[in-house]
file structure_28.cif (mmCIF, C-alpha atoms (C1' of nucleotides))
data_protein
loop_
_atom_site.label_atom_id
_atom_site.label_comp_id
_atom_site.auth_asym_id
_atom_site.auth_seq_id
_atom_site.Cartn_x
_atom_site.Cartn_y
_atom_site.Cartn_z
CA MET Q 1 2.55 37.13 -21.58
CA ASN Q 2 1.17 40.35 -20.12
CA SER Q 3 0.71 41.22 -16.45
CA SER Q 4 -2.86 39.99 -16.26
CA ASP Q 5 -1.74 36.62 -17.62
CA VAL Q 6 0.89 36.41 -14.92
CA SER Q 7 -1.62 37.02 -12.17
CA ALA Q 8 -4.01 34.56 -13.80
CA ASN Q 9 -1.33 31.86 -13.96
CA LEU Q 10 -0.29 32.34 -10.38
CA SER Q 11 -3.84 32.02 -9.30
CA LEU Q 12 -4.40 28.94 -11.46
CA ASP Q 13 -1.36 27.28 -9.96
CA GLU Q 14 -2.60 28.05 -6.49
CA VAL Q 15 -6.02 26.58 -7.12
CA ARG Q 16 -4.53 23.63 -8.93
CA ASP Q 17 -1.97 22.88 -6.20
CA ASN Q 18 -4.71 23.02 -3.64
CA PHE Q 19 -6.85 20.70 -5.72
CA ILE Q 20 -4.02 18.20 -6.14
CA SER Q 21 -3.23 18.16 -2.46
CA GLN Q 22 -6.84 17.70 -1.37
CA TRP Q 23 -7.58 15.13 -4.06
CA GLY Q 24 -4.71 13.10 -2.66
CA ALA Q 25 -6.46 12.98 0.70
CA PHE Q 26 -9.62 11.64 -0.94
CA GLY Q 27 -7.63 9.03 -2.77
CA SER Q 28 -6.55 7.47 0.48
CA HIS Q 29 -10.21 6.67 1.21
CA TRP Q 30 -10.40 4.83 -2.07
CA GLY Q 31 -7.57 2.34 -1.86
CA ILE Q 32 -5.16 4.69 -3.62
CA ASN Q 33 -2.42 6.21 -1.53
CA ARG Q 34 -1.99 9.94 -1.22
CA THR Q 35 0.99 10.41 -3.51
CA MET Q 36 -0.49 8.10 -6.11
CA ALA Q 37 -3.73 10.11 -6.19
CA GLN Q 38 -1.78 13.38 -6.26
CA ILE Q 39 0.33 12.26 -9.20
CA HIS Q 40 -2.77 11.22 -11.09
CA ALA Q 41 -4.44 14.55 -10.28
CA LEU Q 42 -1.33 16.43 -11.40
CA LEU Q 43 -1.12 14.64 -14.73
CA MET Q 44 -4.87 14.64 -15.32
CA THR Q 45 -5.31 18.39 -14.81
CA GLY Q 46 -2.32 19.41 -16.89
CA LEU Q 47 -1.83 19.50 -20.63
CA GLU Q 48 1.46 17.69 -21.01
CA ALA Q 49 3.07 14.44 -20.03
CA LEU Q 50 5.68 14.94 -17.29
CA SER Q 51 8.95 13.22 -16.46
CA THR Q 52 9.73 11.66 -13.09
CA ASP Q 53 11.87 14.69 -12.24
CA GLU Q 54 9.06 17.08 -13.04
CA VAL Q 55 6.65 15.10 -10.87
CA MET Q 56 9.23 15.11 -8.05
CA ALA Q 57 9.58 18.87 -8.34
CA LYS Q 58 5.89 19.71 -8.60
CA LEU Q 59 4.87 17.55 -5.66
CA SER Q 60 8.07 17.83 -3.58
CA VAL Q 61 8.47 14.09 -3.23
CA SER Q 62 11.49 11.83 -3.46
CA ARG Q 63 12.58 9.99 -6.56
CA GLY Q 64 11.71 6.65 -4.99
CA ASN Q 65 8.23 7.77 -4.09
CA ALA Q 66 7.54 9.33 -7.48
CA HIS Q 67 8.91 6.29 -9.27
CA THR Q 68 7.00 3.69 -7.26
CA ASN Q 69 3.70 5.48 -7.56
CA LEU Q 70 4.09 6.29 -11.24
CA LYS Q 71 4.74 2.62 -11.95
CA GLU Q 72 1.80 1.61 -9.80
CA LEU Q 73 -0.43 4.02 -11.73
CA VAL Q 74 0.86 2.55 -14.99
CA SER Q 75 0.11 -0.96 -13.74
CA TRP Q 76 -3.45 0.10 -12.91
CA GLY Q 77 -3.79 1.64 -16.36
CA LEU Q 78 -4.48 5.11 -14.99
CA VAL Q 79 -1.25 6.49 -16.42
CA ARG Q 80 0.59 5.67 -19.63
CA ILE Q 81 4.23 6.05 -20.56
CA VAL Q 82 4.95 8.50 -23.34
CA VAL Q 83 8.24 8.39 -25.21
CA LYS Q 84 9.53 11.53 -26.84
CA LYS Q 85 11.93 10.90 -29.68
CA GLY Q 86 15.48 12.01 -29.09
CA ASP Q 87 14.93 11.83 -25.33
CA ARG Q 88 15.86 8.91 -23.14
CA LYS Q 89 13.60 9.96 -20.30
CA GLU Q 90 10.18 8.45 -19.84
CA TYR Q 91 7.24 10.84 -19.67
CA PHE Q 92 3.92 10.06 -18.06
CA ASP Q 93 0.40 11.07 -18.98
CA ALA Q 94 -2.83 10.29 -17.19
CA GLU Q 95 -6.10 8.84 -18.31
CA ARG Q 96 -8.52 11.78 -18.35
CA ASP Q 97 -11.79 10.08 -19.28
CA VAL Q 98 -13.80 9.92 -16.06
CA TRP Q 99 -15.71 6.83 -17.08
CA LYS Q 100 -12.48 4.99 -17.87
CA ILE Q 101 -10.97 6.13 -14.58
CA PHE Q 102 -14.03 4.87 -12.79
CA THR Q 103 -14.10 1.45 -14.46
CA ILE Q 104 -10.38 0.94 -13.94
CA ILE Q 105 -10.69 1.62 -10.22
CA LEU Q 106 -13.84 -0.51 -10.03
CA ARG Q 107 -12.11 -3.45 -11.66
CA GLU Q 108 -9.04 -3.16 -9.48
CA ARG Q 109 -11.04 -2.98 -6.28
CA GLN Q 110 -13.18 -5.93 -7.28
CA ARG Q 111 -10.07 -7.95 -7.83
CA ARG Q 112 -8.33 -6.87 -4.65
CA GLU Q 113 -11.19 -6.63 -2.19
CA ILE Q 114 -14.46 -8.12 -3.40
CA ASP Q 115 -13.12 -11.38 -4.80
CA PRO Q 116 -11.08 -12.28 -1.71
CA ALA Q 117 -14.10 -11.40 0.47
CA LEU Q 118 -16.24 -13.77 -1.58
CA ASP Q 119 -13.66 -16.51 -1.18
CA LEU Q 120 -13.73 -16.04 2.56
CA LEU Q 121 -17.53 -16.14 2.69
CA ARG Q 122 -17.69 -19.26 0.55
CA ASN Q 123 -15.00 -21.05 2.54
CA CYS Q 124 -16.78 -20.28 5.78
CA GLN Q 125 -19.95 -21.87 4.46
CA GLU Q 126 -18.07 -24.88 3.20
CA GLU Q 127 -16.28 -25.37 6.50
CA THR Q 128 -19.44 -25.20 8.61
CA LYS Q 129 -21.67 -27.16 6.27
CA GLY Q 130 -22.01 -30.18 8.55
CA LEU Q 131 -22.36 -28.34 11.86
CA GLU Q 132 -25.66 -28.36 13.72
CA GLY Q 133 -27.10 -26.27 16.51
CA ALA Q 134 -28.50 -22.77 16.76
CA GLU Q 135 -25.10 -21.04 16.83
CA ALA Q 136 -23.84 -22.79 13.72
CA GLU Q 137 -27.13 -22.13 11.95
CA ALA Q 138 -26.96 -18.44 12.81
CA PHE Q 139 -23.38 -18.15 11.64
CA ARG Q 140 -23.93 -20.04 8.42
CA ASN Q 141 -27.09 -18.10 7.66
CA GLN Q 142 -25.51 -14.71 8.20
CA VAL Q 143 -22.49 -15.62 6.10
CA LYS Q 144 -24.82 -16.86 3.37
CA GLU Q 145 -26.71 -13.55 3.41
CA LEU Q 146 -23.46 -11.66 3.11
CA GLU Q 147 -22.34 -13.86 0.25
CA ASN Q 148 -25.62 -13.38 -1.60
CA PHE Q 149 -25.27 -9.66 -1.34
CA VAL Q 150 -21.60 -9.41 -2.17
CA SER Q 151 -21.82 -11.71 -5.17
CA PHE Q 152 -24.82 -9.75 -6.38
CA ALA Q 153 -22.84 -6.54 -6.07
CA ARG Q 154 -19.96 -8.24 -7.84
CA ASN Q 155 -22.17 -9.11 -10.79
CA LEU Q 156 -23.59 -5.63 -11.00
CA GLY Q 157 -20.07 -4.26 -10.99
CA SER Q 158 -19.02 -6.53 -13.84
CA LYS Q 159 -21.97 -5.45 -15.92
CA VAL Q 160 -21.30 -1.80 -15.28
CA ASP Q 161 -17.68 -2.34 -16.15
CA LYS Q 162 -18.66 -3.57 -19.58
CA LEU Q 163 -20.87 -0.60 -20.38
CA SER Q 164 -19.45 2.45 -22.03
CA TYR Q 165 -20.25 5.95 -20.88
CA GLY Q 166 -23.16 6.68 -23.19
CA PRO Q 167 -25.23 3.56 -22.50
CA ALA Q 168 -24.40 3.78 -18.80
CA MET Q 169 -25.74 7.32 -18.65
CA LYS Q 170 -28.87 6.36 -20.56
CA LEU Q 171 -29.60 3.55 -18.15
CA ALA Q 172 -28.89 5.72 -15.16
CA ALA Q 173 -31.06 8.53 -16.50
CA LYS Q 174 -33.92 6.08 -16.78
CA PHE Q 175 -33.35 5.00 -13.20
CA LEU Q 176 -32.99 8.53 -11.88
CA GLY Q 177 -35.94 9.85 -13.84
CA MET K 1 -23.88 -31.47 25.39
CA ASN K 2 -22.30 -34.69 24.03
CA SER K 3 -18.82 -35.14 22.65
CA SER K 4 -19.79 -34.57 19.01
CA ASP K 5 -21.34 -31.24 20.04
CA VAL K 6 -18.12 -30.26 21.73
CA SER K 7 -16.09 -30.99 18.65
CA ALA K 8 -18.66 -29.18 16.50
CA ASN K 9 -18.52 -26.10 18.71
CA LEU K 10 -14.78 -26.00 18.72
CA SER K 11 -14.75 -26.14 14.99
CA LEU K 12 -17.43 -23.49 14.66
CA ASP K 13 -15.48 -21.17 16.93
CA GLU K 14 -12.36 -21.71 14.88
CA VAL K 15 -14.09 -20.90 11.62
CA ARG K 16 -15.90 -17.99 13.19
CA ASP K 17 -12.76 -16.52 14.77
CA ASN K 18 -11.01 -16.78 11.47
CA PHE K 19 -13.92 -15.10 9.72
CA ILE K 20 -13.98 -12.25 12.24
CA SER K 21 -10.29 -11.63 11.96
CA GLN K 22 -10.26 -11.63 8.16
CA TRP K 23 -13.42 -9.55 7.90
CA GLY K 24 -11.68 -6.95 10.00
CA ALA K 25 -8.96 -6.67 7.38
CA PHE K 26 -11.55 -6.08 4.65
CA GLY K 27 -13.21 -3.43 6.76
CA SER K 28 -10.08 -1.33 6.68
CA HIS K 29 -10.45 -1.04 2.90
CA TRP K 30 -13.93 0.35 3.41
CA GLY K 31 -13.42 3.27 5.75
CA ILE K 32 -14.09 1.11 8.80
CA ASN K 33 -11.14 0.32 11.02
CA ARG K 34 -10.12 -3.22 11.79
CA THR K 35 -11.45 -3.49 15.31
CA MET K 36 -14.69 -1.79 14.36
CA ALA K 37 -15.27 -4.28 11.55
CA GLN K 38 -14.32 -7.18 13.81
CA ILE K 39 -16.74 -6.12 16.50
CA HIS K 40 -19.50 -5.83 13.94
CA ALA K 41 -18.63 -9.26 12.53
CA LEU K 42 -18.59 -10.73 16.04
CA LEU K 43 -22.00 -9.36 16.96
CA MET K 44 -23.52 -10.03 13.55
CA THR K 45 -22.57 -13.71 13.44
CA GLY K 46 -23.62 -14.48 17.00
CA LEU K 47 -27.04 -14.95 18.49
CA GLU K 48 -26.84 -12.71 21.54
CA ALA K 49 -26.01 -9.14 22.41
CA LEU K 50 -22.65 -8.88 24.19
CA SER K 51 -21.30 -6.58 26.88
CA THR K 52 -18.14 -4.51 26.50
CA ASP K 53 -16.28 -7.04 28.66
CA GLU K 54 -17.39 -9.92 26.48
CA VAL K 55 -16.24 -8.10 23.35
CA MET K 56 -12.90 -7.35 25.02
CA ALA K 57 -12.48 -11.02 25.90
CA LYS K 58 -13.55 -12.45 22.54
CA LEU K 59 -11.34 -10.13 20.50
CA SER K 60 -8.51 -9.65 23.00
CA VAL K 61 -8.66 -5.88 22.82
CA SER K 62 -8.46 -3.22 25.51
CA ARG K 63 -11.44 -1.61 27.17
CA GLY K 64 -10.72 1.72 25.51
CA ASN K 65 -10.56 0.17 22.08
CA ALA K 66 -13.72 -1.88 22.56
CA HIS K 67 -15.56 1.10 23.99
CA THR K 68 -14.56 3.59 21.30
CA ASN K 69 -15.39 1.27 18.44
CA LEU K 70 -18.67 0.08 19.94
CA LYS K 71 -19.77 3.69 20.31
CA GLU K 72 -18.65 4.48 16.79
CA LEU K 73 -20.67 1.54 15.50
CA VAL K 74 -23.68 2.78 17.46
CA SER K 75 -23.25 6.25 15.97
CA TRP K 76 -23.22 4.76 12.48
CA GLY K 77 -26.34 2.76 13.28
CA LEU K 78 -24.65 -0.59 12.67
CA VAL K 79 -24.97 -1.59 16.32
CA ARG K 80 -27.66 -0.89 18.88
CA ILE K 81 -27.55 -0.80 22.65
CA VAL K 82 -29.62 -3.43 24.41
CA VAL K 83 -30.57 -3.03 28.07
CA LYS K 84 -31.30 -6.11 30.11
CA LYS K 85 -33.49 -5.44 33.12
CA GLY K 86 -31.83 -5.95 36.45
CA ASP K 87 -28.41 -5.38 34.87
CA ARG K 88 -26.53 -2.10 34.86
CA LYS K 89 -24.28 -3.12 31.99
CA GLU K 90 -24.96 -2.13 28.41
CA TYR K 91 -25.16 -4.89 25.85
CA PHE K 92 -24.63 -4.46 22.14
CA ASP K 93 -26.24 -6.13 19.17
CA ALA K 94 -25.49 -5.66 15.48
CA GLU K 95 -27.64 -4.91 12.50
CA ARG K 96 -27.84 -8.19 10.56
CA ASP K 97 -29.85 -7.14 7.51
CA VAL K 98 -27.33 -6.92 4.67
CA TRP K 99 -29.29 -4.32 2.76
CA LYS K 100 -29.50 -2.08 5.85
CA ILE K 101 -25.79 -2.57 6.51
CA PHE K 102 -25.08 -1.60 2.93
CA THR K 103 -27.24 1.53 2.92
CA ILE K 104 -25.86 2.68 6.26
CA ILE K 105 -22.30 2.42 5.00
CA LEU K 106 -23.28 4.02 1.69
CA ARG K 107 -24.86 6.99 3.44
CA GLU K 108 -21.94 7.46 5.80
CA ARG K 109 -19.39 7.36 3.01
CA GLN K 110 -21.36 9.77 0.87
CA ARG K 111 -21.41 12.21 3.76
CA ARG K 112 -17.74 11.80 4.66
CA GLU K 113 -16.12 11.40 1.26
CA ILE K 114 -18.35 12.19 -1.69
CA ASP K 115 -19.87 15.43 -0.42
CA PRO K 116 -16.54 17.02 0.54
CA ALA K 117 -15.11 15.93 -2.84
CA LEU K 118 -18.00 17.64 -4.60
CA ASP K 119 -17.40 20.81 -2.59
CA LEU K 120 -13.77 20.77 -3.65
CA LEU K 121 -14.64 20.28 -7.31
CA ARG K 122 -17.23 23.06 -7.26
CA ASN K 123 -14.91 25.47 -5.47
CA CYS K 124 -12.17 24.83 -7.98
CA GLN K 125 -14.50 25.70 -10.82
CA GLU K 126 -15.71 28.81 -9.05
CA GLU K 127 -12.19 29.98 -8.32
CA THR K 128 -10.97 29.56 -11.90
CA LYS K 129 -14.10 30.83 -13.60
CA GLY K 130 -12.48 34.00 -14.91
CA LEU K 131 -9.12 32.56 -15.97
CA GLU K 132 -8.20 32.25 -19.60
CA GLY K 133 -5.58 30.32 -21.51
CA ALA K 134 -5.14 26.70 -22.49
CA GLU K 135 -3.92 25.58 -19.07
CA ALA K 136 -6.83 27.12 -17.22
CA GLU K 137 -9.26 25.70 -19.77
CA ALA K 138 -7.81 22.23 -19.40
CA PHE K 139 -7.94 22.38 -15.63
CA ARG K 140 -11.46 23.75 -15.49
CA ASN K 141 -12.70 21.26 -18.04
CA GLN K 142 -11.22 18.24 -16.27
CA VAL K 143 -12.59 19.39 -12.93
CA LYS K 144 -15.98 19.88 -14.53
CA GLU K 145 -15.90 16.34 -15.93
CA LEU K 146 -15.05 14.98 -12.52
CA GLU K 147 -17.84 16.97 -10.92
CA ASN K 148 -20.37 15.74 -13.47
CA PHE K 149 -19.44 12.20 -12.76
CA VAL K 150 -19.25 12.45 -8.99
CA SER K 151 -22.53 14.31 -8.66
CA PHE K 152 -24.13 11.76 -10.94
CA ALA K 153 -22.83 8.95 -8.74
CA ARG K 154 -24.00 10.88 -5.69
CA ASN K 155 -27.53 11.02 -7.10
CA LEU K 156 -27.55 7.35 -7.96
CA GLY K 157 -26.40 6.58 -4.44
CA SER K 158 -29.21 8.64 -2.92
CA LYS K 159 -31.78 6.83 -5.04
CA VAL K 160 -30.42 3.43 -4.11
CA ASP K 161 -30.38 4.45 -0.47
CA LYS K 162 -34.13 5.08 -0.61
CA LEU K 163 -34.97 1.72 -2.13
CA SER K 164 -35.68 -1.24 0.05
CA TYR K 165 -34.23 -4.65 -0.62
CA GLY K 166 -37.07 -6.13 -2.65
CA PRO K 167 -37.44 -3.32 -5.20
CA ALA K 168 -33.68 -2.95 -5.41
CA MET K 169 -33.28 -6.62 -6.31
CA LYS K 170 -36.09 -6.43 -8.86
CA LEU K 171 -34.43 -3.48 -10.58
CA ALA K 172 -31.06 -5.13 -10.48
CA ALA K 173 -32.45 -8.38 -11.81
CA LYS K 174 -33.86 -6.46 -14.76
CA PHE K 175 -30.48 -4.90 -15.34
CA LEU K 176 -28.56 -8.15 -14.94
CA GLY K 177 -31.02 -10.18 -16.98
"C1'" DC U 1 33.08 -2.04 -24.62
"C1'" DT U 2 32.73 2.55 -21.84
"C1'" DG U 3 30.50 5.72 -19.36
"C1'" DA U 4 26.77 8.83 -18.63
"C1'" DA U 5 21.80 9.13 -18.18
"C1'" DT U 6 17.99 6.96 -16.36
"C1'" DT U 7 15.41 3.66 -13.80
"C1'" DT U 8 14.86 0.55 -10.04
"C1'" DT U 9 15.38 -1.21 -5.47
"C1'" DC U 10 15.37 -1.16 -0.65
"C1'" DA U 11 17.17 -0.41 4.19
"C1'" DG U 12 16.30 3.05 7.27
"C1'" DT U 13 13.19 6.61 8.92
"C1'" DA U 14 9.20 9.46 9.22
"C1'" DA U 15 4.27 10.08 9.46
"C1'" DT U 16 0.02 8.32 10.39
"C1'" DT U 17 -3.29 5.65 12.55
"C1'" DA U 18 -4.83 2.54 16.00
"C1'" DC U 19 -4.60 0.69 20.69
"C1'" DT U 20 -3.62 0.29 25.73
"C1'" DG U 21 -4.39 0.92 30.40
"C1'" DA U 22 -5.22 3.65 34.03
"C1'" DA U 23 -7.46 7.61 35.90
"C1'" DA U 24 -11.58 10.53 35.85
"C1'" DT U 25 -16.38 10.73 35.48
"C1'" DT U 26 -21.06 9.21 35.71
"C1'" DG U 27 -25.03 7.56 37.74
"C1'" DA U 28 -27.68 4.06 40.21
"C1'" DT U 29 -28.49 2.12 44.80
"C1'" DG U 30 -29.05 1.70 49.55
"C1'" DC V 1 -24.24 11.39 50.23
"C1'" DA V 2 -21.21 7.29 50.11
"C1'" DT V 3 -20.25 3.44 47.45
"C1'" DC V 4 -19.40 0.87 43.65
"C1'" DA V 5 -20.26 -0.88 39.00
"C1'" DA V 6 -19.96 0.85 34.65
"C1'" DT V 7 -18.64 4.19 31.19
"C1'" DT V 8 -15.70 7.58 29.21
"C1'" DT V 9 -11.50 9.96 28.23
"C1'" DC V 10 -6.90 10.48 26.87
"C1'" DA V 11 -1.72 10.65 27.29
"C1'" DG V 12 1.55 7.50 26.01
"C1'" DT V 13 2.87 3.72 23.03
"C1'" DA V 14 2.60 0.34 19.50
"C1'" DA V 15 1.66 -1.07 14.81
"C1'" DT V 16 1.14 0.10 10.28
"C1'" DT V 17 1.92 2.43 6.19
"C1'" DA V 18 4.31 5.64 3.37
"C1'" DC V 19 8.56 8.10 2.05
"C1'" DT V 20 13.52 9.25 1.52
"C1'" DG V 21 17.87 9.05 -0.44
"C1'" DA V 22 21.55 6.68 -1.87
"C1'" DA V 23 23.37 2.66 -4.04
"C1'" DA V 24 22.73 -0.87 -7.63
"C1'" DA V 25 21.14 -2.11 -11.99
"C1'" DT V 26 19.88 -1.10 -16.55
"C1'" DT V 27 19.97 1.11 -20.98
"C1'" DC V 28 21.79 3.30 -24.74
"C1'" DA V 29 24.80 6.35 -27.63
"C1'" DG V 30 29.30 6.76 -29.17
#
call {"tool": "encode", "arguments": {"input": "structure_28.cif", "output": "structure tokens"}}
result
Amino acid sequence: MNSSDVSANLSLDEVRDNFISQWGAFGSHWGINRTMAQIHALLMTGLEALSTDEVMAKLSVSRGNAHTNLKELVSWGLVRIVVKKGDRKEYFDAERDVWKIFTIILRERQRREIDPALDLLRNCQEETKGLEGAEAEAFRNQVKELENFVSFARNLGSKVDKLSYGPAMKLAAKFLG
Amino acid sequence: MNSSDVSANLSLDEVRDNFISQWGAFGSHWGINRTMAQIHALLMTGLEALSTDEVMAKLSVSRGNAHTNLKELVSWGLVRIVVKKGDRKEYFDAERDVWKIFTIILRERQRREIDPALDLLRNCQEETKGLEGAEAEAFRNQVKELENFVSFARNLGSKVDKLSYGPAMKLAAKFLG
DNA sequence: CTGAATTTTCAGTAATTACTGAAATTGATG
DNA sequence: CATCAATTTCAGTAATTACTGAAAATTCAG
């Protein structure tokens, strides 16, 4: 490693650290907490799988925090456990394929947010089915409109989820063109 | 108003209050805070525009909270101010059209979350343009992939935003069919 | 088994975000 | 311009969410 490499590496680390920290802030707008998004960004932009201790060191977070968020990422499917032979530690590596990342987050958010919202909308209609009067009509109608839209969006999401990157891009290109 | 109306109204209010409170919780997953989402739900599912005091009473929130969130909703375009002649108070009424609600939220989130994310991704590429080595390559490449995807999504969003409900449904139907 | 390395849990605390309530400001009216 | 209803602001506080660090549990090699 010569001196220009050193300066290049320092600079890369600076840019990368900045990226990781800011990406974490975006994550929190997307149902993914800051540390979770930062860990994913760290693993996704690096070459190698890292151990819990390495993640702790790179992000200056506690063991508990690193552990909880790594496991959460694994449960989402955004990170996988890598075992290195002759080493008892677990290493973690991130999903890097943007389309896969997108569909995983889409699926998770549908499950956690859209589906319960649909349940609520449907229950509200059920529970006010027999009620008469302008107020009840207005309520039921608005809830029905919301349900129509949300279940439509839900269906679109499911379809998109099933597409792979290539076909999705082709379709989108057609739409954008 | 006869006794069956009374019982019907009580029941409607129960269902509606429950809806408003739960809808508020969903809002917080969508970049809209709880009270803001609740106020929108309250106004959207009722027939009449309400004053700040009425909102305070219906949701049991403080004047400051009601005021701030009403004004925020107005600034988003999800609520409009209604003036009643011979009354100094301001009244507030919500946008009820689901497609308009959707495009308003879409536009706001693109501005607040997607555009800054794109800036970050582009800056990171710019700042590492000259760097060599496997690590720099990997970083730059992953960031580029993310940018491709996010800017693609951004474009799709803009297109959707410009569609009105009818054409949007027709397109979607084609896709879903 | 034993004990060291590693993972997991969780009570306590910190950081963040949202809300209250009262005071300051605005602006319409006589 | 004095008054009063209504709106706006914001310092202080409450509620929520995330994190720490140490202790408990697990795993595995010898």
call {"tool": "closest_residue", "arguments": {"input": "structure_28.cif", "among": "K:Asp161, K:Glu108, K:Glu147, K:Asp93", "to": "K:Leu47", "atoms": "only C-alpha atoms"}}
result
K:Asp93
call {"tool": "interface_residues", "arguments": {"input": "structure_28.cif", "of": "chain K", "to": "chain U", "cutoff": "10 Å", "atoms": "only C-alpha atoms (C1' of nucleotides)", "output": "list in words"}}
result
Asn33, Arg34, Thr35, Val61, Ser62, Arg63, Gly64, Asn65, Ala66 and Arg88 of chain K
call {"tool": "resolve_selection", "arguments": {"input": "structure_28.cif", "expression": "the PyMOL selection byres ((chain V) within 9 of (chain K))", "output": "list of chain:residue names"}}
result
V:DA5, V:DA6, V:DT7, V:DT8, V:DT9
call {"tool": "interface_residues", "arguments": {"input": "structure_28.cif", "of": "chain K", "to": "chain Q", "cutoff": "9 Å", "atoms": "only C-alpha atoms", "output": "ChimeraX atom specification"}}
result
/K:5,8-9,11-12,15-16,18-19,22-23,26,29-31,44-47,96-99,113-114,116-117,120-121,124,127-128,130-136,138-143,145-146,149,152,155-156,159,171-172,175-176
call {"tool": "atom_distance", "arguments": {"input": "structure_28.cif", "atom1": "atom CA of K:Ala57", "atom2": "atom CA of K:Phe92"}}
result
14.3 Å
call {"tool": "build_atoms", "arguments": {"input": "structure_28.cif", "residues": "stretch 76-93 of chain Q", "atoms": "N, CA and C atoms", "output": "PDB file, in the coordinates of the input"}}
result
ATOM      1  N   TRP Q  76      -1.982   0.012 -12.991  1.00  0.00           N
ATOM      2  CA  TRP Q  76      -3.450   0.100 -12.910  1.00  0.00           C
ATOM      3  C   TRP Q  76      -4.045   0.446 -14.275  1.00  0.00           C
ATOM      4  N   GLY Q  77      -3.263   1.143 -15.090  1.00  0.00           N
ATOM      5  CA  GLY Q  77      -3.790   1.640 -16.360  1.00  0.00           C
ATOM      6  C   GLY Q  77      -4.320   3.057 -16.259  1.00  0.00           C
ATOM      7  N   LEU Q  78      -4.011   3.730 -15.158  1.00  0.00           N
ATOM      8  CA  LEU Q  78      -4.480   5.110 -14.990  1.00  0.00           C
ATOM      9  C   LEU Q  78      -3.490   6.111 -15.571  1.00  0.00           C
ATOM     10  N   VAL Q  79      -2.292   5.633 -15.842  1.00  0.00           N
ATOM     11  CA  VAL Q  79      -1.250   6.490 -16.420  1.00  0.00           C
ATOM     12  C   VAL Q  79      -0.550   5.680 -17.509  1.00  0.00           C
ATOM     13  N   ARG Q  80      -0.169   6.370 -18.589  1.00  0.00           N
ATOM     14  CA  ARG Q  80       0.590   5.670 -19.630  1.00  0.00           C
ATOM     15  C   ARG Q  80       1.942   6.354 -19.835  1.00  0.00           C
ATOM     16  N   ILE Q  81       2.893   5.537 -20.293  1.00  0.00           N
ATOM     17  CA  ILE Q  81       4.230   6.050 -20.560  1.00  0.00           C
ATOM     18  C   ILE Q  81       4.248   6.647 -21.952  1.00  0.00           C
ATOM     19  N   VAL Q  82       4.831   7.829 -22.054  1.00  0.00           N
ATOM     20  CA  VAL Q  82       4.950   8.500 -23.340  1.00  0.00           C
ATOM     21  C   VAL Q  82       6.432   8.623 -23.655  1.00  0.00           C
ATOM     22  N   VAL Q  83       6.841   8.201 -24.833  1.00  0.00           N
ATOM     23  CA  VAL Q  83       8.240   8.390 -25.210  1.00  0.00           C
ATOM     24  C   VAL Q  83       8.364   9.533 -26.202  1.00  0.00           C
ATOM     25  N   LYS Q  84       9.316  10.414 -25.906  1.00  0.00           N
ATOM     26  CA  LYS Q  84       9.530  11.530 -26.840  1.00  0.00           C
ATOM     27  C   LYS Q  84      10.807  11.216 -27.607  1.00  0.00           C
ATOM     28  N   LYS Q  85      10.759  11.312 -28.919  1.00  0.00           N
ATOM     29  CA  LYS Q  85      11.930  10.900 -29.680  1.00  0.00           C
ATOM     30  C   LYS Q  85      13.115  11.844 -29.461  1.00  0.00           C
ATOM     31  N   GLY Q  86      14.277  11.251 -29.404  1.00  0.00           N
ATOM     32  CA  GLY Q  86      15.480  12.010 -29.090  1.00  0.00           C
ATOM     33  C   GLY Q  86      15.614  12.337 -27.613  1.00  0.00           C
ATOM     34  N   ASP Q  87      14.859  11.600 -26.779  1.00  0.00           N
ATOM     35  CA  ASP Q  87      14.930  11.830 -25.330  1.00  0.00           C
ATOM     36  C   ASP Q  87      14.865  10.476 -24.640  1.00  0.00           C
ATOM     37  N   ARG Q  88      15.855  10.223 -23.795  1.00  0.00           N
ATOM     38  CA  ARG Q  88      15.860   8.910 -23.140  1.00  0.00           C
ATOM     39  C   ARG Q  88      14.897   8.811 -21.972  1.00  0.00           C
ATOM     40  N   LYS Q  89      14.512   9.963 -21.450  1.00  0.00           N
ATOM     41  CA  LYS Q  89      13.600   9.960 -20.300  1.00  0.00           C
ATOM     42  C   LYS Q  89      12.216   9.417 -20.671  1.00  0.00           C
ATOM     43  N   GLU Q  90      11.573   8.828 -19.683  1.00  0.00           N
ATOM     44  CA  GLU Q  90      10.180   8.450 -19.840  1.00  0.00           C
ATOM     45  C   GLU Q  90       9.301   9.605 -19.372  1.00  0.00           C
ATOM     46  N   TYR Q  91       8.219   9.842 -20.093  1.00  0.00           N
ATOM     47  CA  TYR Q  91       7.240  10.840 -19.670  1.00  0.00           C
ATOM     48  C   TYR Q  91       5.942  10.100 -19.351  1.00  0.00           C
ATOM     49  N   PHE Q  92       5.138  10.723 -18.511  1.00  0.00           N
ATOM     50  CA  PHE Q  92       3.920  10.060 -18.060  1.00  0.00           C
ATOM     51  C   PHE Q  92       2.699  10.945 -18.273  1.00  0.00           C
ATOM     52  N   ASP Q  93       1.639  10.325 -18.769  1.00  0.00           N
ATOM     53  CA  ASP Q  93       0.400  11.070 -18.980  1.00  0.00           C
ATOM     54  C   ASP Q  93      -0.764  10.265 -18.424  1.00  0.00           C
TER      55      ASP Q  93
END
